[in-house]
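Shown here: coords.txt, compact mmCIF, C-alpha atoms and all ligand atoms.
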# COMPACT_ATOMS: atom_id res chain seq x y z
CA MET A 1 -83.11 50.35 -167.57
CA LEU A 2 -85.79 50.78 -164.95
CA ASP A 3 -89.01 48.78 -165.34
CA VAL A 4 -91.99 48.02 -163.14
CA ASP A 5 -92.16 44.74 -161.21
CA HIS A 6 -94.37 42.59 -163.43
CA LYS A 7 -95.16 40.16 -160.57
CA SER A 8 -97.12 42.88 -158.80
CA TYR A 9 -100.91 42.60 -159.09
CA TRP A 10 -100.69 45.96 -160.93
CA GLY A 11 -97.61 44.90 -162.90
CA ASN A 12 -99.19 44.55 -166.32
CA TYR A 13 -101.19 47.77 -166.20
CA TYR A 14 -99.59 50.58 -168.15
CA SER A 15 -97.09 52.93 -166.52
CA TYR A 16 -94.65 55.55 -167.80
CA PHE A 17 -92.34 54.68 -164.88
CA PRO A 18 -89.51 53.36 -167.15
CA ALA A 19 -89.08 56.93 -168.49
CA LEU A 20 -87.70 57.88 -165.07
CA SER A 21 -84.46 56.12 -166.10
CA ARG A 22 -83.57 59.31 -167.95
CA TYR A 23 -83.66 61.47 -164.82
CA ILE A 24 -82.71 59.52 -161.69
CA PRO A 25 -79.47 57.92 -160.51
CA LEU A 26 -79.28 54.16 -161.09
CA GLY A 27 -76.58 51.51 -161.06
CA GLU A 28 -73.33 51.77 -159.13
CA TYR A 29 -73.82 55.48 -158.39
CA ALA A 30 -77.21 54.83 -156.76
CA ARG A 31 -75.86 51.85 -154.81
CA ARG A 32 -73.15 54.08 -153.33
CA VAL A 33 -75.12 57.27 -152.76
CA ARG A 34 -78.36 55.55 -151.61
CA PRO A 35 -80.86 58.19 -152.79
CA ARG A 36 -84.25 58.15 -151.05
CA ALA A 37 -87.60 57.72 -152.79
CA CYS A 38 -91.08 58.13 -151.38
CA VAL A 39 -93.65 55.99 -153.20
CA LEU A 40 -97.16 57.28 -152.49
CA GLY A 41 -99.60 54.36 -152.69
CA ILE A 42 -96.81 51.76 -152.63
CA SER A 43 -99.36 48.91 -152.81
CA ASP A 44 -97.54 45.56 -153.34
CA GLY A 45 -94.37 47.17 -154.65
CA LYS A 46 -94.76 47.57 -158.43
CA PHE A 47 -92.46 50.61 -158.33
CA ALA A 48 -90.72 50.15 -154.98
CA LEU A 49 -89.06 46.81 -155.75
CA PRO A 50 -87.33 48.05 -158.94
CA LEU A 51 -86.08 51.13 -157.06
CA LEU A 52 -84.78 48.98 -154.19
CA ARG A 53 -83.04 46.66 -156.67
CA ALA A 54 -81.43 49.74 -158.23
CA GLY A 55 -79.93 50.75 -154.88
CA TRP A 56 -82.48 53.25 -153.59
CA GLU A 57 -83.88 53.54 -150.09
CA VAL A 58 -87.67 53.63 -150.19
CA VAL A 59 -90.35 54.97 -147.90
CA GLY A 60 -93.71 53.62 -149.02
CA VAL A 61 -97.02 55.08 -147.95
CA GLU A 62 -100.12 52.89 -148.11
CA THR A 63 -103.36 52.20 -146.26
CA ASP A 64 -104.60 49.09 -148.12
CA GLN A 65 -103.95 46.06 -145.89
CA LEU A 66 -104.61 43.55 -148.67
CA PHE A 67 -101.65 44.74 -150.71
CA LEU A 68 -99.43 45.20 -147.66
CA ASN A 69 -100.11 41.85 -146.04
CA GLY A 70 -101.38 39.71 -148.92
CA GLY A 71 -104.58 37.76 -149.41
CA GLU A 72 -106.89 36.43 -152.07
CA LEU A 73 -109.17 38.13 -154.57
CA ASP A 74 -111.94 36.73 -156.74
CA LEU A 75 -112.71 39.11 -159.60
CA VAL A 76 -114.50 38.84 -162.93
CA ASP A 77 -111.18 37.91 -164.52
CA GLY A 78 -110.56 35.09 -162.06
CA HIS A 79 -108.81 34.26 -158.81
CA HIS A 80 -105.75 36.22 -157.66
CA ASP A 81 -103.33 35.28 -154.89
CA ILE A 82 -101.84 38.55 -153.71
CA VAL A 83 -98.38 38.32 -152.19
CA GLY A 84 -98.22 41.32 -149.88
CA LEU A 85 -95.56 44.00 -149.94
CA TYR A 86 -93.99 42.92 -146.63
CA ASP A 87 -93.38 39.36 -147.92
CA ARG A 88 -92.06 40.63 -151.24
CA ILE A 89 -89.60 42.97 -149.49
CA ALA A 90 -88.46 40.20 -147.12
CA ALA A 91 -88.01 37.71 -150.00
CA GLU A 92 -85.34 39.98 -151.50
CA GLY A 93 -83.79 41.03 -148.16
CA PHE A 94 -84.74 44.71 -148.49
CA GLU A 95 -86.21 45.17 -144.99
CA ASP A 96 -83.37 47.48 -143.96
CA ARG A 97 -83.85 49.81 -146.95
CA CYS A 98 -87.64 49.95 -147.18
CA LYS A 99 -89.81 51.61 -144.55
CA VAL A 100 -93.58 51.39 -144.85
CA VAL A 101 -95.82 54.05 -143.35
CA GLU A 102 -99.41 52.86 -143.01
CA GLN A 103 -101.02 56.27 -143.27
CA ASP A 104 -102.72 58.63 -145.69
CA TYR A 105 -99.79 60.58 -147.19
CA MET A 106 -101.68 63.85 -146.74
CA THR A 107 -101.27 63.40 -142.97
CA LEU A 108 -97.45 63.21 -143.25
CA PRO A 109 -95.20 66.25 -142.99
CA ALA A 110 -93.69 67.42 -146.27
CA GLU A 111 -90.05 68.06 -145.37
CA ALA A 112 -88.37 68.24 -148.79
CA ASP A 113 -86.09 65.29 -148.03
CA PHE A 114 -86.63 62.80 -150.88
CA GLN A 115 -84.69 62.67 -154.16
CA LEU A 116 -87.78 61.15 -155.81
CA VAL A 117 -91.46 61.37 -154.86
CA MET A 118 -93.89 59.48 -157.04
CA GLY A 119 -97.50 58.46 -157.26
CA SER A 120 -99.46 56.63 -159.92
CA GLY A 121 -103.19 56.44 -160.47
CA LEU A 122 -104.10 57.47 -156.94
CA TRP A 123 -105.30 61.06 -157.00
CA SER A 124 -108.78 60.28 -158.31
CA MET A 125 -109.42 57.61 -155.65
CA PRO A 126 -112.36 58.35 -153.29
CA PRO A 127 -110.40 58.91 -150.02
CA ASN A 128 -108.43 61.71 -151.72
CA ARG A 129 -111.52 63.69 -152.67
CA GLN A 130 -111.45 65.57 -149.36
CA HIS A 131 -108.57 67.53 -150.94
CA THR A 132 -108.33 69.32 -154.25
CA LEU A 133 -106.03 67.87 -156.89
CA ARG A 134 -103.81 70.93 -156.46
CA GLU A 135 -103.48 70.26 -152.70
CA LEU A 136 -102.71 66.58 -153.32
CA VAL A 137 -100.05 67.29 -155.94
CA HIS A 138 -98.47 70.22 -154.09
CA HIS A 139 -98.18 68.23 -150.85
CA ALA A 140 -96.41 65.45 -152.76
CA MET A 141 -94.13 67.95 -154.51
CA ASN A 142 -93.26 69.58 -151.18
CA MET A 143 -91.73 66.26 -150.08
CA VAL A 144 -89.11 66.50 -152.86
CA ALA A 145 -85.61 67.70 -151.92
CA PRO A 146 -83.92 70.44 -153.96
CA GLY A 147 -82.38 68.72 -156.99
CA GLY A 148 -84.97 65.92 -156.82
CA ILE A 149 -87.77 64.72 -159.08
CA PHE A 150 -91.54 64.51 -158.77
CA PHE A 151 -93.18 61.83 -160.94
CA GLY A 152 -96.96 62.11 -161.11
CA GLU A 153 -98.86 59.63 -163.24
CA TYR A 154 -102.44 60.82 -163.65
CA LEU A 155 -105.53 60.18 -165.75
CA ILE A 156 -107.10 62.57 -168.26
CA ALA A 157 -110.92 62.75 -168.36
CA LEU A 158 -112.70 60.65 -170.96
CA ASN A 159 -116.31 61.50 -170.04
CA ASP A 160 -118.35 64.28 -168.43
CA ASP A 161 -118.25 62.80 -164.90
CA GLU A 162 -114.48 62.67 -165.03
CA ARG A 163 -114.26 66.15 -166.58
CA GLN A 164 -116.45 67.72 -163.91
CA CYS A 165 -114.99 66.12 -160.78
CA GLY A 166 -111.63 67.90 -161.05
CA TYR A 167 -109.36 64.86 -160.58
CA TYR A 168 -108.80 64.05 -164.27
CA PRO A 169 -107.00 67.14 -165.64
CA ASP A 170 -105.80 67.51 -169.20
CA THR A 171 -102.09 68.17 -169.68
CA ALA A 172 -102.68 71.95 -169.62
CA GLY A 173 -104.49 71.62 -166.26
CA MET A 174 -101.66 69.54 -164.80
CA GLN A 175 -99.07 71.92 -166.19
CA GLU A 176 -100.78 74.79 -164.42
CA ILE A 177 -100.68 72.85 -161.12
CA VAL A 178 -97.01 71.85 -161.31
CA THR A 179 -95.72 75.19 -162.60
CA ARG A 180 -94.31 76.69 -159.41
CA PRO A 181 -91.36 78.91 -158.58
CA GLY A 182 -88.22 76.82 -158.19
CA TRP A 183 -89.52 73.96 -160.34
CA GLU A 184 -88.79 73.00 -163.93
CA LEU A 185 -91.17 70.84 -165.97
CA PHE A 186 -89.19 68.10 -167.72
CA GLU A 187 -92.10 66.20 -169.29
CA ASN A 188 -95.87 66.31 -169.26
CA ALA A 189 -97.10 63.69 -171.68
CA ASP A 190 -100.51 62.48 -172.83
CA LEU A 191 -99.79 58.76 -173.06
CA GLY A 192 -102.91 57.51 -174.76
CA ILE A 193 -106.00 55.42 -174.04
CA ARG A 194 -105.92 51.86 -172.75
CA GLY A 195 -108.70 49.38 -171.89
CA GLU A 196 -108.56 47.46 -168.63
CA SER A 197 -110.41 45.75 -165.76
CA HIS A 198 -109.06 45.61 -162.21
CA LEU A 199 -109.88 45.56 -158.53
CA GLY A 200 -112.07 48.56 -157.72
CA TYR A 201 -113.33 48.86 -161.33
CA GLU A 202 -113.95 45.39 -162.73
CA GLN A 203 -116.22 46.36 -165.60
CA TRP A 204 -114.14 46.75 -168.77
CA HIS A 205 -113.28 50.46 -169.07
CA TYR A 206 -110.82 52.86 -170.62
CA HIS A 207 -108.30 55.22 -169.05
CA ARG A 208 -106.36 57.97 -170.74
CA TYR A 209 -102.94 57.94 -169.11
CA ALA A 210 -100.63 60.90 -168.62
CA ALA A 211 -97.55 61.70 -166.57
CA ALA A 212 -95.69 64.77 -165.38
CA ILE A 213 -92.00 64.68 -164.48
CA VAL A 214 -90.93 67.82 -162.64
CA HIS A 215 -87.52 68.81 -161.29
CA ARG A 216 -87.06 70.80 -158.11
CA MET A 217 -84.16 73.13 -158.83
CA PRO A 218 -81.16 72.84 -156.53
CA LEU A 219 -80.63 75.66 -154.04
CA PRO A 220 -78.04 78.19 -155.20
CA SER A 221 -74.68 77.28 -153.70
CA ALA A 222 -72.47 79.83 -151.97
CA PRO A 223 -69.81 81.28 -154.29
CA THR A 224 -66.45 79.54 -154.00
CA PRO A 225 -63.83 81.90 -152.48
CA LYS A 226 -61.18 82.92 -155.02
C1 LIG B 301 -104.78 52.11 -157.92
S1 LIG B 301 -103.47 51.70 -156.83
C2 LIG B 301 -102.23 51.72 -157.93
C3 LIG B 301 -101.17 50.79 -157.56
C4 LIG B 301 -99.87 51.07 -158.24
N1 LIG B 301 -99.29 52.23 -157.59
C5 LIG B 301 -100.00 51.28 -159.73
O1 LIG B 301 -100.06 52.38 -160.20
O2 LIG B 301 -100.09 50.33 -160.48
C6 LIG B 301 -103.17 53.18 -155.89
C7 LIG B 301 -102.75 52.89 -154.47
O3 LIG B 301 -102.59 54.14 -153.79
C8 LIG B 301 -103.10 54.03 -152.47
N2 LIG B 301 -103.47 55.39 -152.03
C9 LIG B 301 -104.39 56.20 -152.61
N3 LIG B 301 -104.44 57.37 -151.96
C10 LIG B 301 -103.54 57.30 -150.95
C11 LIG B 301 -103.14 58.22 -149.93
N4 LIG B 301 -103.70 59.42 -149.82
N5 LIG B 301 -102.16 57.84 -149.07
C12 LIG B 301 -101.59 56.61 -149.17
N6 LIG B 301 -101.94 55.69 -150.13
C13 LIG B 301 -102.90 56.04 -151.00
C14 LIG B 301 -104.27 53.08 -152.59
O4 LIG B 301 -104.55 52.43 -151.37
C15 LIG B 301 -103.79 52.12 -153.68
O5 LIG B 301 -103.17 50.98 -153.15
Could you rewrite the structure in this file as structure tokens?
Ligand SMILES: C[S@@+](CC[C@H](N)C(=O)[O-])C[C@H]1O[C@@H](n2cnc3c(N)ncnc32)[C@H](O)[C@@H]1O
Amino acid sequence: MLDVDHKSYWGNYYSYFPALSRYIPLGEYARRVRPRACVLGISDGKFALPLLRAGWEVVGVETDQLFLNGGELDLVDGHHDIVGLYDRIAAEGFEDRCKVVEQDYMTLPAEADFQLVMGSGLWSMPPNRQHTLRELVHHAMNMVAPGGIFFGEYLIALNDDERQCGYYPDTAGMQEIVTRPGWELFENADLGIRGESHLGYEQWHYHRYAAAIVHRMPLPSAPTPK
């Protein structure tokens, strides 16, 4: 069973990530086939480390130096020592299977060469507001290889500001975005409201979580000669 890495700074914040166990190769098959995942906003490895432990190769995209290189944080809930992604990868000997790209993922080519592309809680962040939600999600989906999976964890609006900005769709809005020729929607779930406080939003607040899991259909194969 896949689970998040609970030692990550983000480890105890809710995620639907374990549900991916139903759709992606794990165990001996993954260790032999070495499928490739792209984790958008890899941060300190909450999702990347479990995928690496399960045998995947991971390309992580991130621009936040604190979570890549480590450091210290003093927040309303106390002091946090952040162990950066690079140290966490090295501690488990995954350097050869994890490549980190320190860039905005919207500047990367989308070449349909990953068996899994995933992002969680990033589309509403300020740097992404130069793009529409549709552009952000479609660019990520375009990185998925035929036969692969897109996992998009997003937030549903809880107030007027969130409703009007366009980055907190309801499930119908997200369904409209991910419904594309050649794609099949496996799940699009409203996962409920949770209270939290964290870096970037320390005042106690609520988020309504949701996630879409979408499958890129395999290309039709040539008929086998009789
Ligand atoms: C709020 S954190 C969430 C961390 C973790 N993924 C989780 O869900 O618990 C989102 C991360 O995505 C990164 N991020 C946001 N937009 C990005 C983009 N366009 N390209 C690369 N990284 C991005 C941020 O720097 C941040 O570290």
Could you give me, as an MDAnalysis selection string, every polymer residue with an atom at most 9 Å away from an atom of ligand LIG 301 (chain B), counting all atoms listed in the file?
chainID A and resid 4 8:15 39:47 60:68 101:107 119:128 136 153 198:200
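Residue nearest Leu185 of chain A, chosen from A:Gly152, A:Tyr168, A:Tyr201, A:Tyr209 and counting all atoms listed in the file: A:Gly152.
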Using all atoms listed in the file, which protein or nucleic acid residues come within 12 Å of segment 214-216 of chain A? Drop anything in the same chain fewer than 6 positions from it, and give the result as a PyMOL selection string.
chain A and resi 20+23-24+112-118+137-138+140-153+174-175+177-189
As a check of understanding: the span from atom CA of Ile156 of chain A to atom CA of Arg208 of chain A is 5.3 Å
Anything within 12 Å of (-113.0, 62.0, -168.9): list those residues as a VMD selection string, counting only C-alpha atoms and sticking to the file's coordinates.
chain A and resid 124 154 to 170 193 205 to 209
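Counting only C-alpha atoms, the residue from A:Pro25, A:Pro109, A:Gly192, A:Gly70 that sits nearest to Val83 of chain A is A:Gly70.
Proximity to Asp77 of chain A was assessed for A:Pro35, A:Pro220, A:Ala212, A:Glu202 counting all atoms listed in the file; the smallest distance is recorded for A:Glu202.
The interatomic distance for the pair atom CA of Ala54 of chain A and atom CA of Arg22 of chain A works out to 13.8 Å.
In terms of minimum interatomic distance to Tyr16 of chain A, A:Leu191 ranks closest within A:Ile82, A:Leu191, A:Met217, A:Ala222, counting all atoms listed in the file.
Pairwise distance (atom CA of Asn69 of chain A, atom CA of Gly55 of chain A) equals 23.8 Å.
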What's the 10 Å shell around Leu26 of chain A, counting only C-alpha atoms, without same-chain residues fewer than 6 positions away, as a ChimeraX atom specification?
/A:1-2,32-35,51,53-56
